[in-house]
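**Q** Input entry-v3.txt, format and content: compact mmCIF, C-alpha atoms.
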```txt
# COMPACT_ATOMS: atom_id res chain seq x y z
CA MET A 1 -0.52 3.38 21.34
CA ASP A 2 1.89 5.55 19.41
CA PRO A 3 -0.09 6.62 16.30
CA ARG A 4 3.13 6.78 14.29
CA ILE A 5 3.06 3.00 13.91
CA LEU A 6 0.16 3.34 11.52
CA TRP A 7 2.22 5.81 9.50
CA LYS A 8 4.68 3.01 8.78
CA LEU A 9 2.15 1.29 6.54
CA SER A 10 2.94 1.87 2.86
CA TYR A 11 0.52 2.98 0.17
CA GLY A 12 0.27 4.50 -3.26
CA VAL A 13 -1.70 7.61 -4.19
CA TYR A 14 -4.74 7.06 -6.38
CA ALA A 15 -7.71 8.89 -7.83
CA VAL A 16 -11.05 7.06 -7.68
CA CYS A 17 -12.98 8.46 -10.65
CA GLY A 18 -16.49 7.81 -11.87
CA GLN A 19 -19.45 9.25 -13.70
CA LYS A 20 -23.06 9.56 -12.53
CA ASP A 21 -25.88 11.15 -14.49
CA GLY A 22 -23.37 12.49 -16.98
CA LYS A 23 -21.28 14.23 -14.32
CA ASN A 24 -17.83 13.23 -13.21
CA PHE A 25 -17.05 12.50 -9.59
CA GLY A 26 -13.89 11.45 -7.85
CA CYS A 27 -11.57 11.69 -4.90
CA ILE A 28 -8.03 10.87 -3.83
CA ALA A 29 -7.50 7.55 -2.07
CA ASN A 30 -4.47 5.84 -0.69
CA SER A 31 -6.14 2.89 0.99
CA ALA A 32 -6.43 0.64 -2.05
CA MET A 33 -5.01 -2.84 -2.53
CA GLN A 34 -5.25 -5.91 -4.68
CA VAL A 35 -7.31 -8.62 -2.98
CA THR A 36 -7.23 -11.51 -5.45
CA ALA A 37 -5.13 -12.36 -8.49
CA GLU A 38 -7.60 -14.55 -10.43
CA PRO A 39 -9.76 -12.75 -11.30
CA ALA A 40 -7.94 -9.58 -10.34
CA SER A 41 -9.87 -7.62 -7.75
CA ILE A 42 -9.08 -4.61 -5.64
CA ALA A 43 -10.48 -3.07 -2.47
CA VAL A 44 -10.69 0.63 -1.73
CA SER A 45 -11.86 2.34 1.48
CA ILE A 46 -14.06 5.42 1.07
CA ASN A 47 -15.55 7.61 3.81
CA HIS A 48 -19.35 7.60 4.12
CA ASP A 49 -19.35 11.39 4.11
CA ASN A 50 -17.51 11.69 0.79
CA PHE A 51 -19.62 12.70 -2.18
CA THR A 52 -17.83 9.91 -4.05
CA HIS A 53 -19.25 7.35 -1.59
CA GLY A 54 -22.84 8.01 -2.59
CA CYS A 55 -22.03 8.15 -6.28
CA LEU A 56 -20.08 4.90 -6.13
CA THR A 57 -22.84 3.17 -4.20
CA ALA A 58 -25.27 4.22 -6.94
CA THR A 59 -23.14 3.42 -9.99
CA GLY A 60 -20.90 0.57 -8.80
CA ARG A 61 -18.21 1.50 -11.30
CA PHE A 62 -14.99 3.45 -11.04
CA ALA A 63 -11.57 3.93 -12.57
CA LEU A 64 -8.65 3.69 -10.19
CA CYS A 65 -6.02 6.04 -11.60
CA ILE A 66 -2.52 5.35 -10.34
CA LEU A 67 -0.71 8.65 -9.87
CA PRO A 68 3.00 9.04 -10.59
CA GLU A 69 5.45 11.07 -8.50
CA SER A 70 5.30 13.70 -11.21
CA TYR A 71 1.55 14.21 -10.93
CA PRO A 72 0.74 17.92 -10.32
CA PRO A 73 0.13 18.61 -6.60
CA LEU A 74 -2.51 21.17 -7.63
CA ALA A 75 -4.57 18.42 -9.22
CA ILE A 76 -4.17 16.22 -6.15
CA GLY A 77 -5.29 19.15 -4.01
CA LYS A 78 -8.32 19.71 -6.19
CA LEU A 79 -9.39 16.06 -6.10
CA GLY A 80 -8.48 15.58 -2.46
CA PHE A 81 -9.43 18.73 -0.60
CA TYR A 82 -12.67 19.87 -2.20
CA SER A 83 -16.10 18.27 -2.27
CA GLY A 84 -17.81 17.20 -5.47
CA ARG A 85 -21.06 18.43 -3.89
CA ASP A 86 -20.19 22.03 -4.66
CA THR A 87 -17.23 21.85 -7.03
CA ASP A 88 -16.62 20.36 -10.45
CA LYS A 89 -13.33 18.78 -9.47
CA PHE A 90 -12.54 17.86 -13.07
CA ALA A 91 -12.73 21.42 -14.40
CA GLY A 92 -9.20 22.29 -15.38
CA LEU A 93 -7.90 18.75 -14.96
CA GLU A 94 -6.59 16.87 -17.95
CA TYR A 95 -8.54 13.67 -18.47
CA GLU A 96 -10.08 11.50 -21.12
CA THR A 97 -12.90 8.98 -21.03
CA ALA A 98 -12.49 5.21 -20.91
CA ASP A 99 -15.46 2.85 -20.68
CA GLY A 100 -17.60 5.85 -19.78
CA LEU A 101 -15.37 6.84 -16.86
CA PRO A 102 -13.00 9.80 -16.56
CA VAL A 103 -9.34 8.75 -16.43
CA LEU A 104 -6.60 11.23 -15.67
CA LYS A 105 -3.95 12.03 -18.23
CA GLY A 106 -0.40 11.84 -16.94
CA ALA A 107 -1.15 8.87 -14.67
CA CYS A 108 0.88 5.64 -14.58
CA GLY A 109 -2.25 3.86 -15.67
CA TYR A 110 -5.78 3.05 -14.62
CA LEU A 111 -7.93 0.09 -13.69
CA ILE A 112 -11.58 -0.09 -14.70
CA CYS A 113 -13.36 -1.56 -11.69
CA GLN A 114 -16.81 -3.09 -11.23
CA VAL A 115 -17.97 -3.20 -7.61
CA ARG A 116 -18.92 -6.74 -6.59
CA GLN A 117 -19.33 -6.46 -2.82
CA THR A 118 -19.20 -3.86 -0.09
CA LEU A 119 -18.34 -4.10 3.59
CA ASP A 120 -19.51 -1.43 6.00
CA ALA A 121 -16.60 -0.59 8.26
CA GLY A 122 -18.16 2.18 10.38
CA THR A 123 -17.02 5.54 9.08
CA HIS A 124 -15.90 3.99 5.78
CA THR A 125 -17.03 1.38 3.30
CA ILE A 126 -14.72 -1.13 1.67
CA PHE A 127 -15.66 -1.41 -1.99
CA LEU A 128 -14.46 -4.75 -3.36
CA ALA A 129 -14.31 -4.51 -7.14
CA GLU A 130 -13.32 -6.75 -10.01
CA VAL A 131 -10.77 -5.27 -12.39
CA VAL A 132 -12.51 -5.61 -15.74
CA ASP A 133 -10.07 -3.60 -17.84
CA GLY A 134 -7.18 -1.22 -17.58
CA ALA A 135 -4.33 0.45 -19.38
CA LEU A 136 -0.73 1.29 -18.69
CA GLN A 137 -0.20 4.95 -19.57
CA SER A 138 3.44 5.50 -18.68
CA ASP A 139 6.35 3.86 -16.95
CA ALA A 140 6.84 6.78 -14.55
CA PRO A 141 7.46 5.74 -10.95
CA PRO A 142 4.21 5.59 -9.01
CA MET A 143 3.79 8.08 -6.19
CA THR A 144 3.88 6.50 -2.77
CA TYR A 145 2.04 7.96 0.16
CA ALA A 146 5.42 8.44 1.86
CA TYR A 147 6.57 10.52 -1.14
CA TYR A 148 3.39 12.59 -0.95
CA HIS A 149 4.04 13.25 2.73
CA ASP A 150 7.81 13.65 2.75
CA VAL A 151 8.58 15.25 -0.60
CA ILE A 152 5.39 17.05 -1.64
CA LYS A 153 4.66 17.73 2.05
CA GLY A 154 1.01 16.94 1.57
CA LYS A 155 -1.37 15.86 4.31
CA SER A 156 -4.47 13.70 4.47
CA PRO A 157 -7.94 15.22 4.49
CA LYS A 158 -10.11 14.47 7.52
CA ASN A 159 -12.11 11.81 5.71
CA ALA A 160 -9.08 9.70 4.77
CA PRO A 161 -8.69 6.27 6.39
CA THR A 162 -5.14 7.35 7.21
CA TYR A 163 -6.03 10.80 8.58
CA ARG A 164 -3.27 11.76 10.99
CA GLY A 165 -5.40 13.61 13.50
CA GLN A 166 -2.71 13.52 16.10
CA GLU A 167 0.10 14.16 13.70
CA GLN A 168 3.08 15.62 15.44
CA LYS A 169 4.78 18.61 14.03
CA LYS A 170 7.38 17.81 11.44
CA PRO A 171 10.89 19.20 11.98
CA GLN A 172 10.31 21.87 9.35
CA GLU A 173 7.20 23.10 11.17
CA LYS A 174 9.16 25.66 13.10
CA LYS A 175 7.38 27.94 15.51
CA GLY A 176 6.56 31.16 13.70
CA GLY A 177 6.35 29.42 10.32
CA TYR A 178 3.15 29.22 8.30
CA ARG A 179 1.00 26.21 7.56
CA CYS A 180 -1.99 25.86 5.25
CA SER A 181 -5.03 25.30 7.45
CA VAL A 182 -6.73 23.23 4.76
CA CYS A 183 -4.16 20.70 3.64
CA GLY A 184 -1.34 21.20 6.14
CA TYR A 185 1.28 22.32 3.62
CA VAL A 186 4.12 24.13 5.39
CA TYR A 187 5.51 27.16 3.57
CA GLU A 188 9.27 26.85 3.16
CA GLY A 189 10.09 29.47 0.53
CA GLU A 190 12.93 31.94 0.83
CA THR A 191 10.71 35.03 0.85
CA ALA A 192 9.27 35.69 4.30
CA PHE A 193 5.65 34.52 4.31
CA GLU A 194 4.46 37.98 5.34
CA ASN A 195 6.08 39.43 2.22
CA LEU A 196 4.42 37.08 -0.25
CA PRO A 197 2.02 38.76 -2.68
CA GLU A 198 -1.62 38.84 -1.65
CA ASP A 199 -2.58 36.55 -4.54
CA TYR A 200 -0.30 33.79 -3.25
CA VAL A 201 -2.19 30.49 -3.03
CA CYS A 202 -1.33 27.19 -1.40
CA PRO A 203 0.57 25.11 -3.98
CA ILE A 204 -1.20 21.96 -2.82
CA CYS A 205 -4.84 22.88 -2.38
CA LYS A 206 -5.01 26.37 -3.91
CA VAL A 207 -6.62 28.17 -0.96
CA PRO A 208 -5.59 31.84 -0.57
CA LYS A 209 -2.84 33.19 1.66
CA SER A 210 -5.42 34.20 4.26
CA ARG A 211 -6.09 30.53 4.99
CA PHE A 212 -2.55 30.01 6.27
CA GLU A 213 -2.00 29.98 10.01
CA LYS A 214 1.05 30.74 12.12
CA ILE A 215 2.63 27.65 13.67
CA SER A 216 2.59 28.08 17.43
CA MET B 1 -5.21 -5.84 -20.16
CA ASP B 2 -1.52 -5.35 -19.52
CA PRO B 3 -0.92 -7.02 -16.12
CA ARG B 4 1.87 -4.57 -15.37
CA ILE B 5 -0.72 -1.94 -14.43
CA LEU B 6 -1.46 -3.89 -11.27
CA TRP B 7 2.24 -3.84 -10.46
CA LYS B 8 2.03 -0.05 -10.23
CA LEU B 9 0.00 -0.31 -7.04
CA SER B 10 2.15 0.38 -3.98
CA TYR B 11 2.35 -1.69 -0.81
CA GLY B 12 4.44 -2.41 2.23
CA VAL B 13 5.73 -5.81 3.30
CA TYR B 14 4.20 -7.26 6.45
CA ALA B 15 4.13 -10.41 8.53
CA VAL B 16 0.73 -11.52 9.80
CA CYS B 17 1.53 -13.41 13.01
CA GLY B 18 -0.69 -15.28 15.43
CA GLN B 19 -0.89 -18.09 17.92
CA LYS B 20 -3.29 -21.03 18.02
CA ASP B 21 -3.25 -23.85 20.57
CA GLY B 22 0.10 -22.63 21.84
CA LYS B 23 1.73 -22.75 18.39
CA ASN B 24 2.77 -19.76 16.33
CA PHE B 25 1.52 -19.25 12.81
CA GLY B 26 2.13 -16.54 10.28
CA CYS B 27 2.76 -15.52 6.71
CA ILE B 28 3.99 -12.61 4.64
CA ALA B 29 1.37 -10.20 3.32
CA ASN B 30 1.58 -7.08 1.26
CA SER B 31 -2.14 -6.46 0.70
CA ALA B 32 -2.85 -4.66 3.95
CA MET B 33 -4.28 -1.17 4.43
CA GLN B 34 -5.86 1.10 6.97
CA VAL B 35 -9.65 1.25 6.48
CA THR B 36 -10.79 3.67 9.18
CA ALA B 37 -9.04 6.19 11.42
CA GLU B 38 -11.47 6.26 14.40
CA PRO B 39 -11.24 3.61 15.67
CA ALA B 40 -8.21 2.56 13.69
CA SER B 41 -8.90 -0.55 11.64
CA ILE B 42 -7.00 -2.38 8.95
CA ALA B 43 -7.86 -4.91 6.27
CA VAL B 44 -5.62 -7.71 5.10
CA SER B 45 -6.22 -10.20 2.27
CA ILE B 46 -5.26 -13.84 2.95
CA ASN B 47 -5.58 -16.80 0.58
CA HIS B 48 -8.04 -19.53 1.57
CA ASP B 49 -5.35 -22.17 1.03
CA ASN B 50 -2.88 -20.56 3.44
CA PHE B 51 -2.45 -22.33 6.76
CA THR B 52 -2.69 -18.84 8.31
CA HIS B 53 -6.21 -18.45 6.88
CA GLY B 54 -7.64 -21.30 8.94
CA CYS B 55 -5.78 -20.27 12.07
CA LEU B 56 -6.91 -16.67 11.74
CA THR B 57 -10.51 -17.72 11.15
CA ALA B 58 -10.35 -19.74 14.37
CA THR B 59 -8.56 -17.23 16.60
CA GLY B 60 -9.59 -13.85 15.16
CA ARG B 61 -6.41 -12.21 16.42
CA PHE B 62 -3.13 -11.32 14.80
CA ALA B 63 -0.15 -9.01 14.99
CA LEU B 64 0.68 -7.14 11.82
CA CYS B 65 4.46 -6.70 11.89
CA ILE B 66 5.71 -3.92 9.63
CA LEU B 67 9.00 -5.00 8.09
CA PRO B 68 11.82 -2.52 7.43
CA GLU B 69 14.07 -2.51 4.37
CA SER B 70 16.77 -4.02 6.55
CA TYR B 71 14.70 -7.06 7.51
CA PRO B 72 16.62 -10.28 6.66
CA PRO B 73 15.49 -11.77 3.33
CA LEU B 74 16.00 -15.23 4.80
CA ALA B 75 13.31 -14.54 7.38
CA ILE B 76 10.96 -13.23 4.70
CA GLY B 77 11.63 -16.36 2.66
CA LYS B 78 10.88 -18.56 5.64
CA LEU B 79 7.61 -16.82 6.44
CA GLY B 80 6.60 -16.39 2.82
CA PHE B 81 7.61 -19.52 0.95
CA TYR B 82 6.94 -22.36 3.38
CA SER B 83 3.72 -23.66 4.85
CA GLY B 84 2.98 -23.66 8.55
CA ARG B 85 1.30 -27.04 8.01
CA ASP B 86 4.64 -28.81 7.91
CA THR B 87 7.15 -26.21 9.12
CA ASP B 88 7.63 -24.25 12.31
CA LYS B 89 8.23 -20.98 10.51
CA PHE B 90 9.28 -19.25 13.72
CA ALA B 91 12.14 -21.65 14.50
CA GLY B 92 15.29 -19.61 14.08
CA LEU B 93 13.43 -16.29 13.78
CA GLU B 94 13.93 -13.61 16.38
CA TYR B 95 10.64 -12.71 18.00
CA GLU B 96 9.05 -11.90 21.29
CA THR B 97 5.48 -12.19 22.56
CA ALA B 98 3.01 -9.30 22.86
CA ASP B 99 -0.56 -9.81 24.00
CA GLY B 100 -0.07 -13.53 23.46
CA LEU B 101 1.02 -13.07 19.83
CA PRO B 102 4.48 -13.48 18.30
CA VAL B 103 5.95 -10.19 17.10
CA LEU B 104 9.16 -10.07 15.10
CA LYS B 105 12.24 -8.36 16.46
CA GLY B 106 13.85 -5.93 14.08
CA ALA B 107 10.51 -4.75 12.67
CA CYS B 108 9.46 -1.09 12.36
CA GLY B 109 6.63 -1.91 14.72
CA TYR B 110 3.52 -4.01 15.06
CA LEU B 111 -0.22 -3.61 15.36
CA ILE B 112 -2.28 -5.91 17.56
CA CYS B 113 -5.45 -6.62 15.59
CA GLN B 114 -8.81 -8.06 16.55
CA VAL B 115 -10.84 -9.34 13.60
CA ARG B 116 -14.28 -7.70 13.51
CA GLN B 117 -15.61 -8.76 10.10
CA THR B 118 -14.61 -10.88 7.14
CA LEU B 119 -15.50 -10.65 3.47
CA ASP B 120 -15.17 -13.68 1.23
CA ALA B 121 -13.53 -12.54 -1.99
CA GLY B 122 -13.27 -15.86 -3.83
CA THR B 123 -9.73 -17.20 -3.52
CA HIS B 124 -9.02 -14.85 -0.61
CA THR B 125 -10.74 -13.47 2.48
CA ILE B 126 -10.52 -9.86 3.57
CA PHE B 127 -10.06 -9.78 7.34
CA LEU B 128 -11.21 -6.42 8.70
CA ALA B 129 -9.66 -5.91 12.12
CA GLU B 130 -9.64 -3.24 14.78
CA VAL B 131 -6.22 -2.10 15.90
CA VAL B 132 -6.39 -2.61 19.67
CA ASP B 133 -2.76 -1.96 20.50
CA GLY B 134 0.63 -1.59 18.91
CA ALA B 135 4.21 -0.47 19.37
CA LEU B 136 6.79 1.39 17.38
CA GLN B 137 10.01 -0.63 17.48
CA SER B 138 12.33 1.43 15.32
CA ASP B 139 12.40 4.36 12.98
CA ALA B 140 13.95 2.33 10.15
CA PRO B 141 12.37 2.97 6.74
CA PRO B 142 9.59 0.48 6.06
CA MET B 143 10.14 -1.96 3.23
CA THR B 144 7.92 -1.31 0.25
CA TYR B 145 6.81 -4.07 -2.05
CA ALA B 146 8.68 -2.26 -4.85
CA TYR B 147 11.88 -2.43 -2.77
CA TYR B 148 11.31 -6.14 -2.18
CA HIS B 149 10.92 -6.68 -5.90
CA ASP B 150 13.52 -4.30 -7.26
CA VAL B 151 16.28 -4.34 -4.63
CA ILE B 152 15.94 -7.69 -2.86
CA LYS B 153 14.71 -9.23 -6.15
CA GLY B 154 12.07 -11.21 -4.33
CA LYS B 155 8.90 -12.57 -5.91
CA SER B 156 5.39 -13.28 -4.70
CA PRO B 157 4.31 -16.78 -3.76
CA LYS B 158 1.41 -18.26 -5.70
CA ASN B 159 -1.10 -17.54 -2.95
CA ALA B 160 -0.39 -13.81 -2.82
CA PRO B 161 -3.13 -11.40 -3.95
CA THR B 162 -0.44 -9.77 -6.06
CA TYR B 163 0.98 -12.98 -7.54
CA ARG B 164 2.57 -12.09 -10.86
CA GLY B 165 1.68 -15.24 -12.72
CA GLN B 166 2.37 -13.66 -16.06
CA GLU B 167 5.41 -11.78 -14.88
CA GLN B 168 7.70 -11.01 -17.74
CA LYS B 169 11.35 -11.79 -17.47
CA LYS B 170 13.33 -9.00 -15.86
CA PRO B 171 16.27 -7.62 -17.83
CA GLN B 172 18.72 -9.47 -15.59
CA GLU B 173 17.04 -12.80 -16.32
CA LYS B 174 19.37 -13.53 -19.17
CA LYS B 175 19.08 -16.77 -21.03
CA GLY B 176 21.52 -19.23 -19.51
CA GLY B 177 21.34 -17.58 -16.07
CA TYR B 178 19.93 -19.34 -13.02
CA ARG B 179 16.72 -18.66 -11.16
CA CYS B 180 15.45 -20.14 -7.90
CA SER B 181 12.44 -22.30 -8.76
CA VAL B 182 10.84 -21.59 -5.38
CA CYS B 183 10.97 -17.85 -4.93
CA GLY B 184 12.19 -16.64 -8.31
CA TYR B 185 15.45 -15.10 -7.10
CA VAL B 186 17.87 -14.65 -10.01
CA TYR B 187 21.52 -15.41 -9.25
CA GLU B 188 23.71 -12.46 -10.19
CA GLY B 189 27.01 -13.21 -8.42
CA GLU B 190 30.37 -12.92 -10.10
CA THR B 191 31.24 -16.61 -9.71
CA ALA B 192 29.65 -18.70 -12.44
CA PHE B 193 26.62 -20.46 -10.97
CA GLU B 194 28.04 -23.86 -11.95
CA ASN B 195 31.15 -23.13 -9.88
CA LEU B 196 29.30 -22.27 -6.66
CA PRO B 197 29.89 -24.69 -3.77
CA GLU B 198 27.39 -27.51 -3.43
CA ASP B 199 26.14 -26.11 -0.10
CA TYR B 200 25.11 -22.83 -1.74
CA VAL B 201 21.52 -21.96 -0.81
CA CYS B 202 19.10 -19.39 -2.18
CA PRO B 203 19.65 -16.17 -0.20
CA ILE B 204 15.92 -15.49 -0.21
CA CYS B 205 14.22 -18.77 0.60
CA LYS B 206 17.14 -21.00 1.58
CA VAL B 207 16.45 -23.88 -0.80
CA PRO B 208 19.57 -25.75 -2.02
CA LYS B 209 21.45 -25.11 -5.25
CA SER B 210 19.70 -28.08 -6.84
CA ARG B 211 16.41 -26.17 -6.78
CA PHE B 212 17.74 -23.53 -9.17
CA GLU B 213 16.78 -23.79 -12.82
CA LYS B 214 18.44 -22.53 -15.98
CA ILE B 215 16.63 -19.59 -17.55
CA SER B 216 15.62 -20.60 -21.07
```
Taking this structure as input, can you express it in the form of structure tokens?
**A**
Amino acid sequence: MDPRILWKLSYGVYAVCGQKDGKNFGCIANSAMQVTAEPASIAVSINHDNFTHGCLTATGRFALCILPESYPPLAIGKLGFYSGRDTDKFAGLEYETADGLPVLKGACGYLICQVRQTLDAGTHTIFLAEVVDGALQSDAPPMTYAYYHDVIKGKSPKNAPTYRGQEQKKPQEKKGGYRCSVCGYVYEGETAFENLPEDYVCPICKVPKSRFEKIS
Amino acid sequence: MDPRILWKLSYGVYAVCGQKDGKNFGCIANSAMQVTAEPASIAVSINHDNFTHGCLTATGRFALCILPESYPPLAIGKLGFYSGRDTDKFAGLEYETADGLPVLKGACGYLICQVRQTLDAGTHTIFLAEVVDGALQSDAPPMTYAYYHDVIKGKSPKNAPTYRGQEQKKPQEKKGGYRCSVCGYVYEGETAFENLPEDYVCPICKVPKSRFEKIS
């Protein structure tokens, strides 16, 4: 089967945010959808290996923050490509607290979700949650997963339901170019990659220049 | 809670198609998402009252057809706003058969899905299915739910997980205008609605002119 068929499914880009023992946790998710209208409920798929999975299983509460196209890629990189086990992902991020949960500033809005059921799906768990509250923060256009891929040139981390393990090279991934080994970002600037300053970091996930690899 | 927050979630537009006792069944869905990458699995939310729900429960197999922006609104209307209980939704639609399931011609592609688990979510069931096969049919841009709403001006039927029961009037829904009572399409042509020929039908769901109502 051509894996590109799965890439034709459409999604948004979300941050699943919670708090456990006074500490914030969270990750980026795109596999989220409304399941019922009355009462409103949503489902989100989270990898068993994610730090967020354990926290969510313990607390059963999260805020689903809906990210707009304008949301800073650096913040997406921080929430999506690091682990909460060894990083405070929220340090440096702009957020406030709603119903005891961290919600990101600059989002389209957020849904406060109470987990009602779970379904073990192998590598991931589907968390089915009732939407108990929420707020619209702005009318900015929501970021779609296609926008994240095509415009921001972001990739999916390995734990994502939509991880493109067999992703083919994009047209801009020319031989001899440079790609971030962490998030897959392809450098396209005018300055030759070799001539970039040593403190250059990936604009998506912030890893240093040394983590870039030559596209072969 | 402002219901418009839920409208900021992003989706595609899909047709869930199957066959039971030699007859085709199917409906339009937007709440579908990939749940795992290895093996690939997807979840789709279907209303208990949908004819498709019973058929799917009995057969456990479906094709998820991914509709492109160019997919004919008439076909979406037929699959989305009629019931398979009293209508052969596939009559007049262009489709072929793959693995014993109807798959729509003109789609981006389809996934052949085998239901592995279900989760009862109240009014709807989440069908969790393994993707056992699939084909890419074209590279046309997939239709997003936002495109369906904003460009095609389609609405959600009452059974949809994303039914906008409290949807506010759109700017173009001017008092004195005409709206299809079945699918919500708002007439915006240059000819005054009253002067349209008597055989005018809704471009989305094909109901006759008499089913339009004046916006008050």
**Q** Could you pull the residues within 10 Å of segment 18-20 of chain A, counting all atoms listed in the file, minus those fewer than 6 positions along the same chain, as a PyMOL selection string?
**A** chain A and resi 26-27+52+55-56+58-64+97+100-103+112-113
**Q** Quick one: axis-aligned box around all listed atoms of segment 131-142 of chain B, 8 Å on every side, centre and edge lengths in Å to one decimal, written as lines of an AutoDock Vina configuration file.
**A**
```
center_x = 3.8
center_y = 0.9
center_z = 13.3
size_x = 36.3
size_y = 23.0
size_z = 30.4
```
**Q** What are the nearest atom pairs, with distances in Å to one decimal, for all residues of chain B that come at most 7 Å from chain A, using all atoms listed in the file, set out by chain and rising residue number as a Markdown table?
**A**
```
| residue | atom | partner | partner_atom | distance |
| --- | --- | --- | --- | --- |
| B:Met1 | CA | A:Gly134 | CA | 5.6 |
| B:Asp2 | CA | A:Ala135 | CA | 6.4 |
| B:Ile5 | CA | A:Leu136 | CA | 5.3 |
| B:Lys8 | CA | A:Pro142 | CA | 6.2 |
| B:Leu9 | CA | A:Gly12 | CA | 6.1 |
| B:Ser10 | CA | A:Gly12 | CA | 4.6 |
| B:Tyr11 | CA | A:Tyr11 | CA | 5.1 |
| B:Gly12 | CA | A:Ser10 | CA | 4.6 |
| B:Ser31 | CA | A:Met33 | CA | 5.6 |
| B:Met33 | CA | A:Ser31 | CA | 5.6 |
| B:Gln34 | CA | A:Pro161 | CA | 5.9 |
| B:Val35 | CA | A:Pro161 | CA | 5.1 |
| B:Thr36 | CA | A:Pro161 | CA | 4.4 |
| B:Ala37 | CA | A:Pro161 | CA | 5.0 |
| B:Ser45 | CA | A:Val35 | CA | 5.6 |
| B:Gly109 | CA | A:Ile5 | CA | 6.1 |
| B:Thr123 | CA | A:Thr36 | CA | 6.5 |
| B:His124 | CA | A:Thr36 | CA | 6.1 |
| B:Asp133 | CA | A:Met1 | CA | 5.9 |
| B:Gly134 | CA | A:Met1 | CA | 5.7 |
| B:Ala135 | CA | A:Met1 | CA | 6.4 |
| B:Leu136 | CA | A:Ile5 | CA | 5.3 |
| B:Pro142 | CA | A:Lys8 | CA | 6.2 |
| B:Thr144 | CA | A:Ser10 | CA | 6.5 |
| B:Pro161 | CA | A:Thr36 | CA | 4.4 |
| B:Thr162 | CA | A:Ala37 | CA | 5.9 |
| B:Tyr163 | CA | A:Ala37 | CA | 6.2 |
```
**Q** Any idea what's packed within 8 Å of segment 200-211 of chain A, counting only C-alpha atoms, ignoring anything in its chain fewer than 6 positions away? Could you give it as a PDB file with C-alpha atoms, in the frame of the given file?
**A**
```pdb
ATOM      1  CA  PRO A  73       0.130  18.610  -6.600  1.00  0.00           C
ATOM      2  CA  LEU A  74      -2.510  21.170  -7.630  1.00  0.00           C
ATOM      3  CA  ILE A  76      -4.170  16.220  -6.150  1.00  0.00           C
ATOM      4  CA  GLY A  77      -5.290  19.150  -4.010  1.00  0.00           C
ATOM      5  CA  LYS A  78      -8.320  19.710  -6.190  1.00  0.00           C
ATOM      6  CA  PHE A  81      -9.430  18.730  -0.600  1.00  0.00           C
ATOM      7  CA  GLY A 154       1.010  16.940   1.570  1.00  0.00           C
ATOM      8  CA  CYS A 180      -1.990  25.860   5.250  1.00  0.00           C
ATOM      9  CA  SER A 181      -5.030  25.300   7.450  1.00  0.00           C
ATOM     10  CA  VAL A 182      -6.730  23.230   4.760  1.00  0.00           C
ATOM     11  CA  CYS A 183      -4.160  20.700   3.640  1.00  0.00           C
ATOM     12  CA  TYR A 185       1.280  22.320   3.620  1.00  0.00           C
TER      13      TYR A 185
END
```
**Q** Measuring between all atoms listed in the file, which one of B:Leu79, B:Ala15, B:Ile28, B:Val151 shows the shortest distance to Gly92 of chain B?
**A** B:Leu79
**Q** Between atom CA of Pro157 of chain B and atom CA of Thr87 of chain B, what is the spacing in Å?
**A**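 Computing the Euclidean distance for atom CA of Thr87 of chain B and atom CA of Pro157 of chain B yields 16.2 Å.
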**Q** Take atom CA of Phe25 of chain A and atom CA of Gly84 of chain A and report the distance between them in Å, one decimal.
**A**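 Computing the Euclidean distance for atom CA of Phe25 of chain A and atom CA of Gly84 of chain A yields 6.3 Å.
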**Q** Tell me, in Å to one decimal, how far atom CA of Gly22 of chain A is from atom CA of Tyr82 of chain A.
**A**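 So the answer is 19.7 Å.
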**Q** Would you mind listing what lies within 8 Å of Gly176 of chain A as a PyMOL selection string, with only C-alpha atoms counted and same-chain residues fewer than 4 positions away left out?
**A** chain A and resi 214-216
**Q** I need the residues from that last selection saved to file as an mmCIF file, keeping the file's coordinate frame (with C-alpha atoms), if you can.
**A**
```cif
data_model
loop_
_atom_site.group_PDB
_atom_site.id
_atom_site.type_symbol
_atom_site.label_atom_id
_atom_site.label_comp_id
_atom_site.auth_asym_id
_atom_site.auth_seq_id
_atom_site.Cartn_x
_atom_site.Cartn_y
_atom_site.Cartn_z
ATOM 1 C CA LYS A 214 1.050 30.740 12.120
ATOM 2 C CA ILE A 215 2.630 27.650 13.670
ATOM 3 C CA SER A 216 2.590 28.080 17.430
#
```
**Q** Which of these, A:Asn24, A:Thr191, A:Asn50, A:Thr57, has the shortest distance to Asp88 of chain A once you count only C-alpha atoms?
**A** A:Asn24
**Q** Which of these residues is nearest to Leu93 of chain A, using all atoms listed in the file: A:His149, A:His53, A:Lys105, A:Lys23?
**A** A:Lys105
**Q** Residues within 10 Å of Tyr187 of chain B, please, as number ranges by chain. Count all atoms listed in the file; anything in the same chain fewer than 6 positions from it doesn't count.
**A** B: 153, 172-173, 177-180, 193, 202-203, 212
